[in-house]
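Below: one structure, written as C-alpha cells.
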Amino acid sequence: MKSRSGFTIVELLIVIVVIAILAAISVVAYNGIQTRAENDKTLAAVNSYAKMISSYMIDNSNPPGPNANRCIGVSPCGLMSGTGDTCDRGQGRPVRDDILDANLKSSLGVGAIPLTSDQQVNCGTGIYAGVWYWTNGSQSRITFYLRGDQQCPILAGAKSTVRVQNADATACTTFFS
C-alpha cells in the first residue's frame with residue numbers, strides 16, 4: 001500500500017485563518033502609525049510657523065500679512081468639500097501663501113519654510129485639510145486639522161486655543177492677538 005503525505009483541508013484552512021488574522025493586525029497597526037506620522041508632521045510645521053509668526057510680531061508689532069486667509073505649508077487647505085458648519089472657523093483658501101512665506105523668510109532670516117501634511121479629515125458635514133493662516137493686520141490665527149480625537153497644543157506666542165472635535169477629526173484654532 002502506498003502512503004500519501006500532505007496537508008488535509010482542515011490544516012490548510014487553519015493556516016489560512018492564522019495568516020488572515022496576522023494580516024488584519026498588521027493593517028490596523030500600519031494605519032495607526034501612518035495617522036500619527038501625518039499628525040506629527042502637521043504639528044511640527046504648525047509649531048514652526050507659530051514661532052516665526054510670534055517672532056515677526058515681536059519685531060514688527062503686527063502679524064505678518066497681507067490681510068487674508070491663506071494656506072501655509074501645503075495647499076489646498078481649509079474646507080475641501082461639504083457645508084463646513086462644524087469644524088471651520090472661516091474658509092481656508094486653495095493656494096499657498098508665497099507672500100507670507102517671503103515675509104517670514106526675509107524678516108526672520110529663515111531659510112526653509114516647513115511643509116504640513118496634506119491628509120484630509122472628515123469633520124461634521126465637511127472634509128478639511130491642511131493649515132491656514134488668517135490675519136486682518138492686527139489680529140491673526142492659525143487653524144489646522146488632525147485625524148482622530150487629539151489635544152490641541154499650546155503654540156509659541158498664542159493668546160488662546162479653541163478645539164473642536166467631531167467624528168474622526170480635531171480642528172485646532174490658535175489665536176495670536
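For the C-alpha cells, the naming scheme is as follows: chains receive sequential letters (A, B, ...) according to their order of presentation, residues are indexed from 1 within each chain, and ligands are indexed from 1 in presentation order.
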Per DSSP on the backbone, what are the strand (DSSP E or B) residues of range 20-164 of chain A, as a PyMOL selection string? chain A and resi 68-72+78-82+96+120-123+126-129+131-135+140-147+160-164
So which residues touch range 37-43 of chain A within 9 Å, counting only C-alpha atoms, skipping near sequence neighbours fewer than 5 positions away, as number ranges by chain? A: 32, 48, 73, 115-119, 130-131, 144-147, 153
Selected residue, from A:Asn67, A:Asn31, A:Thr135, A:Thr174, that lies nearest to Leu155 in chain A when counting only C-alpha atoms: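 That would be A:Thr174, the residue with the smallest distance to Leu155 in chain A.
Taking CA of Thr161 in chain A and CA of Ser54 in chain A as the two end points, the separation is 14.7 Å.
Picture a line from CA of Ala171 in chain A to CA of Ile154 in chain A; it runs 13.6 Å.
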May I have the residues within 8 Å of Cys87 in chain A as a PyMOL selection string, using only C-alpha atoms and disregarding those fewer than 3 positions away in the same chain? chain A and resi 84+123-124+126+164-166+170-171
Report the closest atom pair, with its distance in Å rounded to one decimal, for each residue of range 87-171 of chain A that has an atom no farther than 8 Å from range 57-66 of chain A; count only C-alpha atoms, sort by chain and then rising residue number, and write it as a Markdown table.
```
| residue | atom | partner | partner_atom | distance |
| --- | --- | --- | --- | --- |
| A:Ile99 | CA | A:Pro66 | CA | 7.5 |
| A:Leu100 | CA | A:Gly65 | CA | 6.1 |
| A:Asn103 | CA | A:Pro64 | CA | 6.9 |
| A:Leu104 | CA | A:Pro64 | CA | 7.3 |
| A:Thr135 | CA | A:Gly65 | CA | 6.5 |
| A:Asn136 | CA | A:Gly65 | CA | 7.8 |
| A:Gly137 | CA | A:Pro63 | CA | 6.3 |
| A:Ser138 | CA | A:Asn62 | CA | 5.6 |
| A:Gln139 | CA | A:Pro63 | CA | 6.9 |
| A:Ser140 | CA | A:Pro63 | CA | 6.4 |
```
Generate the output file for the selected residues, C-alpha atoms, as a tab-separated table (two decimals), in the first residue's frame.
```tsv
chain	number	residue	atom	x	y	z
A	99	ILE	CA	3.82	86.34	0.16
A	100	LEU	CA	3.58	85.25	3.80
A	103	ASN	CA	7.80	87.99	4.56
A	104	LEU	CA	8.76	85.43	7.18
A	135	THR	CA	-4.97	87.98	9.60
A	136	ASN	CA	-6.65	91.37	9.34
A	137	GLY	CA	-3.45	93.29	10.03
A	138	SER	CA	-3.84	93.46	13.80
A	139	GLN	CA	-5.22	90.04	14.72
A	140	SER	CA	-4.14	86.63	13.47
```
Exercise: Gly82 in chain A partners within 12 Å, only C-alpha atoms, chain neighbours under 6 positions left out, as an MDAnalysis selection string: chainID A and resid 88 91 121:128
CA of Arg163 in chain A to CA of Pro114 in chain A, distance in Å rounded to a single decimal: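 One can read the CA of Arg163 in chain A to CA of Pro114 in chain A distance as 22.8 Å.
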